[in-house]
file upload34.txt (compact mmCIF, C-alpha atoms)
# COMPACT_ATOMS: atom_id res chain seq x y z
CA MET A 28 -34.97 62.28 -23.42
CA ILE A 29 -31.67 63.12 -21.73
CA ALA A 30 -33.13 62.12 -18.37
CA PHE A 31 -34.30 58.82 -19.87
CA LEU A 32 -30.83 58.11 -21.30
CA ARG A 33 -29.24 58.94 -17.95
CA VAL A 34 -31.57 56.51 -16.17
CA ALA A 35 -30.92 53.84 -18.80
CA PHE A 36 -27.13 54.31 -18.48
CA PHE A 37 -27.13 53.91 -14.72
CA SER A 38 -29.49 50.93 -15.00
CA LEU A 39 -27.14 49.22 -17.41
CA ALA A 40 -24.17 50.06 -15.18
CA GLY A 41 -25.95 48.57 -12.22
CA LEU A 42 -26.74 45.41 -14.19
CA SER A 43 -23.11 45.17 -15.27
CA SER A 44 -21.93 45.46 -11.67
CA LEU A 45 -24.44 42.83 -10.62
CA ALA A 46 -23.33 40.54 -13.42
CA ALA A 47 -19.71 40.99 -12.42
CA GLY A 48 -20.61 40.07 -8.86
CA MET A 49 -22.39 36.96 -10.11
CA ALA A 50 -19.53 35.91 -12.44
CA PRO A 51 -18.09 32.44 -11.81
CA SER A 52 -15.29 32.44 -9.25
CA SER A 53 -11.80 31.36 -10.25
CA ALA A 54 -10.62 27.76 -10.00
CA ALA A 55 -8.63 28.63 -6.88
CA ASP A 56 -11.71 30.09 -5.16
CA THR A 57 -13.55 26.79 -5.41
CA TYR A 58 -10.57 24.41 -5.27
CA PRO A 59 -10.86 21.70 -4.20
CA ASN A 60 -14.53 20.88 -4.65
CA ARG A 61 -14.04 17.11 -4.97
CA PRO A 62 -11.51 14.55 -3.73
CA VAL A 63 -7.90 14.91 -4.90
CA ARG A 64 -5.82 11.89 -5.95
CA TRP A 65 -2.21 11.91 -4.78
CA LEU A 66 -0.17 9.31 -6.65
CA ILE A 67 2.69 7.63 -4.78
CA GLY A 68 5.27 5.64 -6.74
CA PHE A 69 5.90 3.05 -4.03
CA ALA A 70 4.13 0.38 -2.02
CA ALA A 71 2.01 1.12 1.04
CA GLY A 72 3.84 1.02 4.35
CA GLY A 73 7.16 2.34 3.03
CA PRO A 74 8.75 5.66 4.06
CA VAL A 75 7.43 7.67 1.10
CA ASP A 76 3.94 6.35 1.83
CA ILE A 77 4.26 7.31 5.51
CA ILE A 78 5.25 10.89 4.69
CA ALA A 79 2.50 11.26 2.10
CA ARG A 80 -0.18 10.03 4.49
CA ILE A 81 0.92 12.46 7.20
CA MET A 82 0.58 15.36 4.77
CA SER A 83 -2.59 14.08 3.08
CA GLN A 84 -4.33 13.84 6.46
CA TYR A 85 -3.52 17.47 7.18
CA LEU A 86 -4.64 18.67 3.74
CA SER A 87 -7.87 16.66 3.98
CA GLU A 88 -8.68 18.18 7.37
CA HIS A 89 -7.86 21.76 6.35
CA MET A 90 -8.99 21.99 2.71
CA GLY A 91 -12.45 20.49 3.00
CA GLN A 92 -11.90 17.56 0.62
CA GLN A 93 -10.16 14.21 0.90
CA PHE A 94 -6.60 13.95 -0.43
CA VAL A 95 -6.54 10.27 -1.31
CA VAL A 96 -3.15 8.55 -1.40
CA GLU A 97 -3.04 6.12 -4.32
CA ASN A 98 -0.06 3.75 -4.50
CA ARG A 99 1.19 3.05 -8.03
CA ALA A 100 4.30 1.03 -7.27
CA GLY A 101 6.78 -0.17 -9.86
CA SER A 102 9.53 0.91 -12.25
CA GLY A 103 11.25 3.05 -9.62
CA GLY A 104 8.26 5.36 -9.32
CA ASN A 105 7.94 5.91 -13.08
CA ILE A 106 4.51 4.27 -13.30
CA ALA A 107 3.06 6.82 -10.90
CA ALA A 108 4.87 9.71 -12.60
CA ALA A 109 3.55 8.73 -16.04
CA ALA A 110 0.01 8.32 -14.69
CA ALA A 111 0.11 11.76 -13.09
CA ILE A 112 1.61 13.45 -16.14
CA ASN A 113 -1.08 11.94 -18.38
CA SER A 114 -3.92 13.10 -16.10
CA PRO A 115 -5.97 16.26 -16.69
CA PRO A 116 -4.08 19.34 -15.44
CA ASP A 117 -6.89 20.44 -13.15
CA GLY A 118 -5.31 20.04 -9.71
CA TYR A 119 -7.19 16.85 -8.91
CA THR A 120 -4.29 14.51 -9.66
CA LEU A 121 -1.00 15.23 -7.91
CA LEU A 122 2.30 13.39 -7.72
CA PHE A 123 4.44 12.80 -4.66
CA VAL A 124 7.92 13.91 -5.77
CA ALA A 125 10.99 12.13 -4.45
CA PRO A 126 14.63 11.70 -5.52
CA ASN A 127 13.68 8.95 -7.97
CA ASN A 128 12.08 11.57 -10.22
CA ALA A 129 15.41 13.38 -10.53
CA ILE A 130 17.39 10.15 -10.87
CA SER A 131 15.20 8.49 -13.51
CA THR A 132 15.89 11.24 -16.02
CA SER A 133 19.42 9.92 -16.58
CA LEU A 134 19.09 6.34 -15.34
CA TYR A 135 16.30 5.43 -17.78
CA LYS A 136 17.10 6.09 -21.42
CA HIS A 137 13.62 5.53 -22.85
CA LEU A 138 11.13 7.26 -20.56
CA SER A 139 7.84 8.28 -22.15
CA TYR A 140 8.06 11.70 -20.53
CA ASP A 141 10.45 14.47 -19.53
CA PHE A 142 9.80 15.13 -15.85
CA ILE A 143 10.89 18.77 -15.76
CA ARG A 144 9.15 19.61 -19.05
CA ASP A 145 5.91 17.75 -18.31
CA THR A 146 5.24 18.75 -14.70
CA VAL A 147 4.89 21.92 -12.67
CA PRO A 148 6.46 22.14 -9.21
CA VAL A 149 3.90 22.75 -6.47
CA ALA A 150 5.50 22.54 -3.04
CA SER A 151 8.47 21.17 -1.16
CA ILE A 152 7.65 19.23 1.99
CA MET A 153 10.83 17.99 3.65
CA GLN A 154 14.31 16.52 3.37
CA LEU A 155 15.33 13.13 4.67
CA THR A 156 18.48 11.07 4.87
CA ASN A 157 18.83 7.39 4.08
CA MET A 158 20.24 4.90 6.56
CA LEU A 159 22.47 1.92 5.85
CA VAL A 160 21.23 -1.12 7.77
CA VAL A 161 22.45 -4.70 7.55
CA SER A 162 21.12 -8.11 8.52
CA ASN A 163 21.97 -9.10 12.08
CA ALA A 164 23.55 -12.20 10.56
CA MET A 165 26.22 -10.05 8.90
CA PRO A 166 29.53 -10.13 10.84
CA VAL A 167 29.99 -6.34 10.64
CA LYS A 168 29.22 -3.53 13.07
CA THR A 169 30.71 -0.51 11.34
CA VAL A 170 30.90 0.96 7.86
CA GLN A 171 34.61 0.18 7.67
CA GLU A 172 34.00 -3.45 8.64
CA LEU A 173 31.35 -3.66 5.90
CA ILE A 174 33.79 -2.30 3.32
CA ASP A 175 36.46 -4.77 4.40
CA TYR A 176 33.98 -7.67 4.34
CA CYS A 177 32.71 -6.71 0.87
CA ARG A 178 36.24 -6.58 -0.50
CA GLN A 179 36.99 -9.98 1.00
CA ASN A 180 33.77 -11.46 -0.46
CA PRO A 181 33.30 -9.85 -3.90
CA GLY A 182 29.94 -10.57 -5.52
CA LYS A 183 28.66 -12.52 -2.50
CA ILE A 184 26.78 -9.67 -0.83
CA SER A 185 23.44 -8.44 -2.15
CA TYR A 186 21.62 -5.20 -1.37
CA ALA A 187 17.92 -4.48 -1.59
CA SER A 188 16.29 -1.34 -2.95
CA SER A 189 12.77 0.03 -3.25
CA GLY A 190 13.16 -0.10 -7.04
CA ASN A 191 15.48 0.90 -9.86
CA GLY A 192 16.25 4.60 -9.87
CA THR A 193 15.26 5.31 -6.28
CA SER A 194 17.56 7.09 -3.86
CA VAL A 195 17.76 3.77 -2.01
CA HIS A 196 19.20 2.17 -5.14
CA MET A 197 21.51 5.02 -6.07
CA SER A 198 22.85 5.47 -2.53
CA ALA A 199 24.11 1.89 -2.76
CA GLU A 200 25.52 2.40 -6.27
CA LEU A 201 27.37 5.50 -5.10
CA PHE A 202 28.72 3.53 -2.14
CA LYS A 203 29.84 0.73 -4.47
CA ALA A 204 31.61 3.14 -6.77
CA MET A 205 33.34 5.08 -4.00
CA THR A 206 34.46 2.03 -1.99
CA LYS A 207 35.10 -0.44 -4.84
CA CYS A 208 32.72 -2.91 -3.20
CA ASP A 209 31.23 -5.55 -5.50
CA MET A 210 27.58 -6.07 -4.44
CA VAL A 211 24.53 -7.43 -6.26
CA HIS A 212 21.38 -5.32 -6.63
CA VAL A 213 18.01 -6.89 -5.75
CA PRO A 214 15.17 -4.42 -6.53
CA TYR A 215 11.77 -4.65 -4.79
CA ARG A 216 8.51 -2.77 -5.30
CA GLY A 217 9.08 -0.90 -2.04
CA SER A 218 11.38 -1.19 0.95
CA ALA A 219 8.65 -2.54 3.23
CA ILE A 220 8.52 -5.62 1.01
CA ALA A 221 12.30 -6.01 1.16
CA PHE A 222 12.77 -6.10 4.92
CA PRO A 223 11.63 -9.68 5.55
CA ASP A 224 14.40 -10.86 3.20
CA ILE A 225 16.96 -8.61 4.90
CA ILE A 226 15.93 -9.84 8.34
CA SER A 227 16.26 -13.45 7.17
CA ASN A 228 19.61 -12.61 5.48
CA LYS A 229 18.45 -13.60 2.00
CA VAL A 230 19.57 -10.06 1.14
CA GLN A 231 22.25 -8.56 3.33
CA LEU A 232 21.64 -4.80 3.44
CA ILE A 233 19.74 -1.74 2.28
CA PHE A 234 20.31 2.04 2.17
CA ASP A 235 16.70 2.75 3.04
CA ASN A 236 14.89 6.01 3.76
CA LEU A 237 15.23 6.82 7.44
CA PRO A 238 11.63 6.18 8.68
CA SER A 239 11.41 2.47 7.91
CA ALA A 240 15.13 1.78 8.42
CA LEU A 241 15.08 3.44 11.83
CA GLU A 242 11.94 1.57 12.85
CA GLN A 243 13.57 -1.75 12.01
CA ALA A 244 16.86 -0.80 13.68
CA ARG A 245 15.12 0.32 16.87
CA SER A 246 13.17 -2.93 17.00
CA GLY A 247 16.45 -4.86 16.78
CA THR A 248 15.60 -6.75 13.59
CA VAL A 249 18.50 -5.12 11.67
CA ARG A 250 21.70 -3.26 12.56
CA ALA A 251 22.24 0.43 11.69
CA LEU A 252 25.70 1.34 10.40
CA GLY A 253 25.45 4.87 9.05
CA VAL A 254 23.41 7.68 7.50
CA THR A 255 23.90 9.03 3.98
CA SER A 256 23.82 12.74 4.89
CA PRO A 257 27.17 14.59 4.84
CA GLN A 258 26.97 15.00 8.62
CA ARG A 259 25.17 13.09 11.35
CA TRP A 260 21.41 13.52 11.09
CA PRO A 261 19.71 15.47 13.93
CA GLY A 262 17.18 12.75 14.72
CA VAL A 263 19.80 10.01 15.10
CA PRO A 264 23.00 11.68 16.33
CA ASP A 265 24.38 8.38 17.64
CA VAL A 266 24.53 6.92 14.12
CA PRO A 267 27.68 8.02 12.24
CA ALA A 268 27.60 9.58 8.79
CA ILE A 269 29.03 7.27 6.13
CA ALA A 270 31.04 10.31 5.01
CA GLU A 271 33.09 9.97 8.20
CA ILE A 272 34.60 6.82 6.63
CA VAL A 273 34.00 7.58 2.93
CA PRO A 274 34.79 11.31 2.46
CA GLY A 275 32.45 13.05 0.04
CA PHE A 276 29.68 10.46 0.28
CA GLU A 277 26.26 12.15 0.30
CA SER A 278 22.68 11.21 -0.55
CA VAL A 279 19.91 13.31 0.99
CA GLY A 280 16.36 12.93 -0.27
CA PHE A 281 13.90 15.72 -1.07
CA TYR A 282 10.13 15.28 -1.03
CA GLY A 283 7.26 17.37 -2.31
CA ILE A 284 4.38 17.73 -4.73
CA SER A 285 4.20 18.24 -8.49
CA ALA A 286 1.25 18.40 -10.88
CA PRO A 287 0.76 17.86 -14.62
CA LYS A 288 1.96 20.66 -16.87
CA GLY A 289 -0.84 23.14 -17.50
CA THR A 290 -2.26 23.03 -13.98
CA PRO A 291 -3.62 26.56 -13.31
CA PRO A 292 -1.14 28.76 -11.41
CA GLU A 293 -3.82 29.79 -8.93
CA ILE A 294 -4.36 26.15 -7.93
CA VAL A 295 -0.59 25.66 -7.61
CA ASP A 296 -0.45 28.71 -5.33
CA THR A 297 -3.40 27.46 -3.26
CA LEU A 298 -1.70 24.12 -2.68
CA ASN A 299 1.67 25.73 -1.97
CA LYS A 300 0.14 27.97 0.68
CA ALA A 301 -1.67 25.00 2.26
CA VAL A 302 1.56 23.00 2.47
CA GLY A 303 3.38 26.03 3.85
CA GLU A 304 0.76 26.37 6.57
CA ALA A 305 1.07 22.67 7.34
CA LEU A 306 4.83 23.00 7.79
CA ARG A 307 4.22 25.73 10.37
CA ASP A 308 1.88 23.50 12.36
CA PRO A 309 3.80 22.22 15.43
CA LYS A 310 1.88 18.96 15.55
CA LEU A 311 2.61 18.12 11.91
CA VAL A 312 6.26 19.16 12.24
CA GLU A 313 6.49 16.87 15.26
CA ARG A 314 5.08 13.97 13.22
CA LEU A 315 7.60 14.58 10.45
CA ALA A 316 10.41 14.79 12.99
CA ALA A 317 9.29 11.46 14.43
CA VAL A 318 10.15 9.82 11.10
CA GLY A 319 13.39 11.80 10.80
CA GLY A 320 12.23 14.52 8.43
CA ILE A 321 13.31 18.17 8.36
CA PRO A 322 10.58 20.51 6.96
CA LYS A 323 11.69 22.49 3.90
CA PRO A 324 8.94 24.88 2.72
CA MET A 325 9.64 26.57 -0.63
CA THR A 326 7.87 28.58 -3.28
CA PRO A 327 6.97 26.68 -6.47
CA ALA A 328 9.88 28.39 -8.26
CA GLU A 329 12.33 27.43 -5.52
CA PHE A 330 11.12 23.84 -5.57
CA GLY A 331 11.46 23.77 -9.35
CA LYS A 332 15.07 24.90 -9.06
CA LEU A 333 15.74 22.20 -6.46
CA ILE A 334 14.35 19.53 -8.79
CA ALA A 335 16.52 20.82 -11.64
CA ASP A 336 19.62 20.94 -9.43
CA GLU A 337 18.98 17.42 -8.10
CA THR A 338 18.43 16.12 -11.62
CA GLU A 339 21.84 17.43 -12.64
CA LYS A 340 23.51 16.13 -9.47
CA TRP A 341 22.16 12.61 -9.94
CA ARG A 342 23.07 12.65 -13.63
CA LYS A 343 26.67 13.00 -12.52
CA VAL A 344 26.25 10.21 -9.97
CA VAL A 345 24.72 7.88 -12.58
CA GLU A 346 27.64 8.54 -14.91
CA PHE A 347 30.14 8.17 -12.07
CA ALA A 348 28.61 4.88 -10.93
CA GLY A 349 28.26 3.66 -14.53
CA VAL A 350 24.73 2.30 -14.07
CA SER A 351 21.75 2.14 -16.43
CA VAL A 352 18.41 0.38 -16.28
CA ASP A 353 17.41 0.18 -19.92
call {"tool": "encode", "arguments": {"input": "upload34.txt", "output": "structure tokens"}}
result
Amino acid sequence: MIAFLRVAFFSLAGLSSLAAGMAPSSAADTYPNRPVRWLIGFAAGGPVDIIARIMSQYLSEHMGQQFVVENRAGSGGNIAAAAAINSPPDGYTLLFVAPNNAISTSLYKHLSYDFIRDTVPVASIMQLTNMLVVSNAMPVKTVQELIDYCRQNPGKISYASSGNGTSVHMSAELFKAMTKCDMVHVPYRGSAIAFPDIISNKVQLIFDNLPSALEQARSGTVRALGVTSPQRWPGVPDVPAIAEIVPGFESVGFYGISAPKGTPPEIVDTLNKAVGEALRDPKLVERLAAVGGIPKPMTPAEFGKLIADETEKWRKVVEFAGVSVD
């Protein structure tokens, strides 16, 4: 009888071990097993879209599933943010995070969500400056000449943005507040859409993200006056920092990935590691550098702190500039 019980015990133990080996793997072990949607809050062809497509191509090639960029332009990126936040927290809907997500918290008074509360930080990708470019028809070639011209022509100069609450918008509002320039805001659903009007001088200038602004400046269709970083940007050392004329002026964008609150930590970690590996790939780093970006890998916790810090910084800027959308 004892021998029988001993055999039965070891048989059950063996079955238990076998069952454990056959237990379903974790979400991270199988993630992703279908295409992943990556929501972008701006129109195709703009700088945010360019950066997202560079990263999505890498993730698609290295994670075995397509990371599909889906443009949800409008409301300064809030349409995309709301859509992502209201999606299932399973790792298959992500949001491209940009300065607008930190700015909107204070600029919009009636958002349907709280970005920090309703999302989880996944990964930081890079930092990027904006560039002030003007129509070639504008009789100015320096930041100081622009300031003088604005003061001589109050309310007659208009500036484009990629939407209310974007860093493109707020860079201009900060410039207005710090220089006492009276300019009119003309929001678009992305900077790519705005450039034809800038080139034709229907709108006189834009503080656009570096990739598209630099492309236009290099082609000669617009004139570059300055960058919004506190010092000259490494990729364009010949373009002065606006802070050289307007001390204390600074607007540097951060870009990364967030997911809906409740997304499993193991999936967040899987994505963070994949992005980290991408930012160590020389070819990808070279592509980011070509559009003026500086890679900034971070842990999810570090990226979450950056978002919180940027949200507070831009709250102060919104109050300083005295602007509100709703």
call {"tool": "atom_distance", "arguments": {"input": "upload34.txt", "atom1": "CA of Val124 (chain A)", "atom2": "CA of Val249 (chain A)"}}
result
27.9 Å
call {"tool": "closest_residue", "arguments": {"input": "upload34.txt", "among": "A:Lys168, A:Lys323, A:Arg64, A:Arg144", "to": "Ala110 (chain A)", "atoms": "all atoms listed in the file"}}
result
A:Arg64
call {"tool": "closest_residue", "arguments": {"input": "upload34.txt", "among": "A:Leu159, A:Ile112, A:Val266, A:Ile77", "to": "Gly289 (chain A)", "atoms": "only C-alpha atoms"}}
result
A:Ile112
call {"tool": "residues_around", "arguments": {"input": "upload34.txt", "residues": "Gly192 (chain A)", "least_positions_apart": "6", "cutoff": "8 Å", "atoms": "all atoms listed in the file", "output": "PDB file with C-alpha atoms, keeping the file's coordinate frame"}}
result
ATOM      1  CA  GLY A 103      11.250   3.050  -9.620  1.00  0.00           C
ATOM      2  CA  ASN A 127      13.680   8.950  -7.970  1.00  0.00           C
ATOM      3  CA  ILE A 130      17.390  10.150 -10.870  1.00  0.00           C
ATOM      4  CA  SER A 131      15.200   8.490 -13.510  1.00  0.00           C
ATOM      5  CA  LEU A 134      19.090   6.340 -15.340  1.00  0.00           C
ATOM      6  CA  TYR A 135      16.300   5.430 -17.780  1.00  0.00           C
ATOM      7  CA  VAL A 352      18.410   0.380 -16.280  1.00  0.00           C
TER       8      VAL A 352
END
call {"tool": "atom_distance", "arguments": {"input": "upload34.txt", "atom1": "CA of Leu311 (chain A)", "atom2": "CA of Tyr85 (chain A)"}}
result
7.8 Å
call {"tool": "atom_distance", "arguments": {"input": "upload34.txt", "atom1": "CA of Ser278 (chain A)", "atom2": "CA of Ala164 (chain A)"}}
result
25.9 Å
call {"tool": "closest_residue", "arguments": {"input": "upload34.txt", "among": "A:Met165, A:Val273, A:Leu306, A:Leu155", "to": "Thr206 (chain A)", "atoms": "all atoms listed in the file"}}
result
A:Val273
call {"tool": "closest_residue", "arguments": {"input": "upload34.txt", "among": "A:Met325, A:Cys177, A:Val195, A:Ile78", "to": "Ala221 (chain A)", "atoms": "all atoms listed in the file"}}
result
A:Val195
call {"tool": "residues_around", "arguments": {"input": "upload34.txt", "residues": "Gly275 (chain A)", "least_positions_apart": "3", "cutoff": "12 Å", "atoms": "all atoms listed in the file", "output": "ChimeraX atom specification"}}
result
/A:201-202,205-206,255-258,268-272,278
call {"tool": "closest_residue", "arguments": {"input": "upload34.txt", "among": "A:Val75, A:Ala251, A:Gly217, A:Asp56", "to": "Met153 (chain A)", "atoms": "all atoms listed in the file"}}
result
A:Val75
call {"tool": "residues_around", "arguments": {"input": "upload34.txt", "residues": "Ala109 (chain A)", "least_positions_apart": "2", "cutoff": "9 Å", "atoms": "only C-alpha atoms", "output": "number ranges by chain"}}
result
A: 104-107, 111-114, 138-140, 142
call {"tool": "closest_residue", "arguments": {"input": "upload34.txt", "among": "A:Arg216, A:Lys229, A:His137, A:Arg250", "to": "Val170 (chain A)", "atoms": "all atoms listed in the file"}}
result
A:Arg250
call {"tool": "axis_aligned_box", "arguments": {"input": "upload34.txt", "around": "region 270-281 of chain A", "padding_each_side": "3 Å", "output": "lines of an AutoDock Vina configuration file"}}
result
center_x = 24.3
center_y = 11.3
center_z = 3.6
size_x = 26.9
size_y = 14.9
size_z = 15.3
call {"tool": "residues_near_point", "arguments": {"input": "upload34.txt", "point": "(17.6, -14.1, 1.1)", "cutoff": "12 Å", "atoms": "only C-alpha atoms", "output": "list of chain:residue names"}}
result
A:Ser162, A:Ala164, A:Lys183, A:Ile184, A:Ser185, A:Tyr186, A:Ala187, A:Val213, A:Ala221, A:Phe222, A:Pro223, A:Asp224, A:Ile225, A:Ile226, A:Ser227, A:Asn228, A:Lys229, A:Val230, A:Gln231, A:Leu232
call {"tool": "residues_around", "arguments": {"input": "upload34.txt", "residues": "Glu329 (chain A)", "least_positions_apart": "3", "cutoff": "10 Å", "atoms": "all atoms listed in the file", "output": "list in words"}}
result
Pro148, Val149, Ala150, Ser151, Pro324, Met325, Thr326, Lys332, Leu333, Ile334 and Ala335 of chain A
call {"tool": "residues_around", "arguments": {"input": "upload34.txt", "residues": "Thr156 (chain A)", "least_positions_apart": "2", "cutoff": "9 Å", "atoms": "only C-alpha atoms", "output": "ChimeraX atom specification"}}
result
/A:154,158,235-237,254-256,260,278-281,319-320
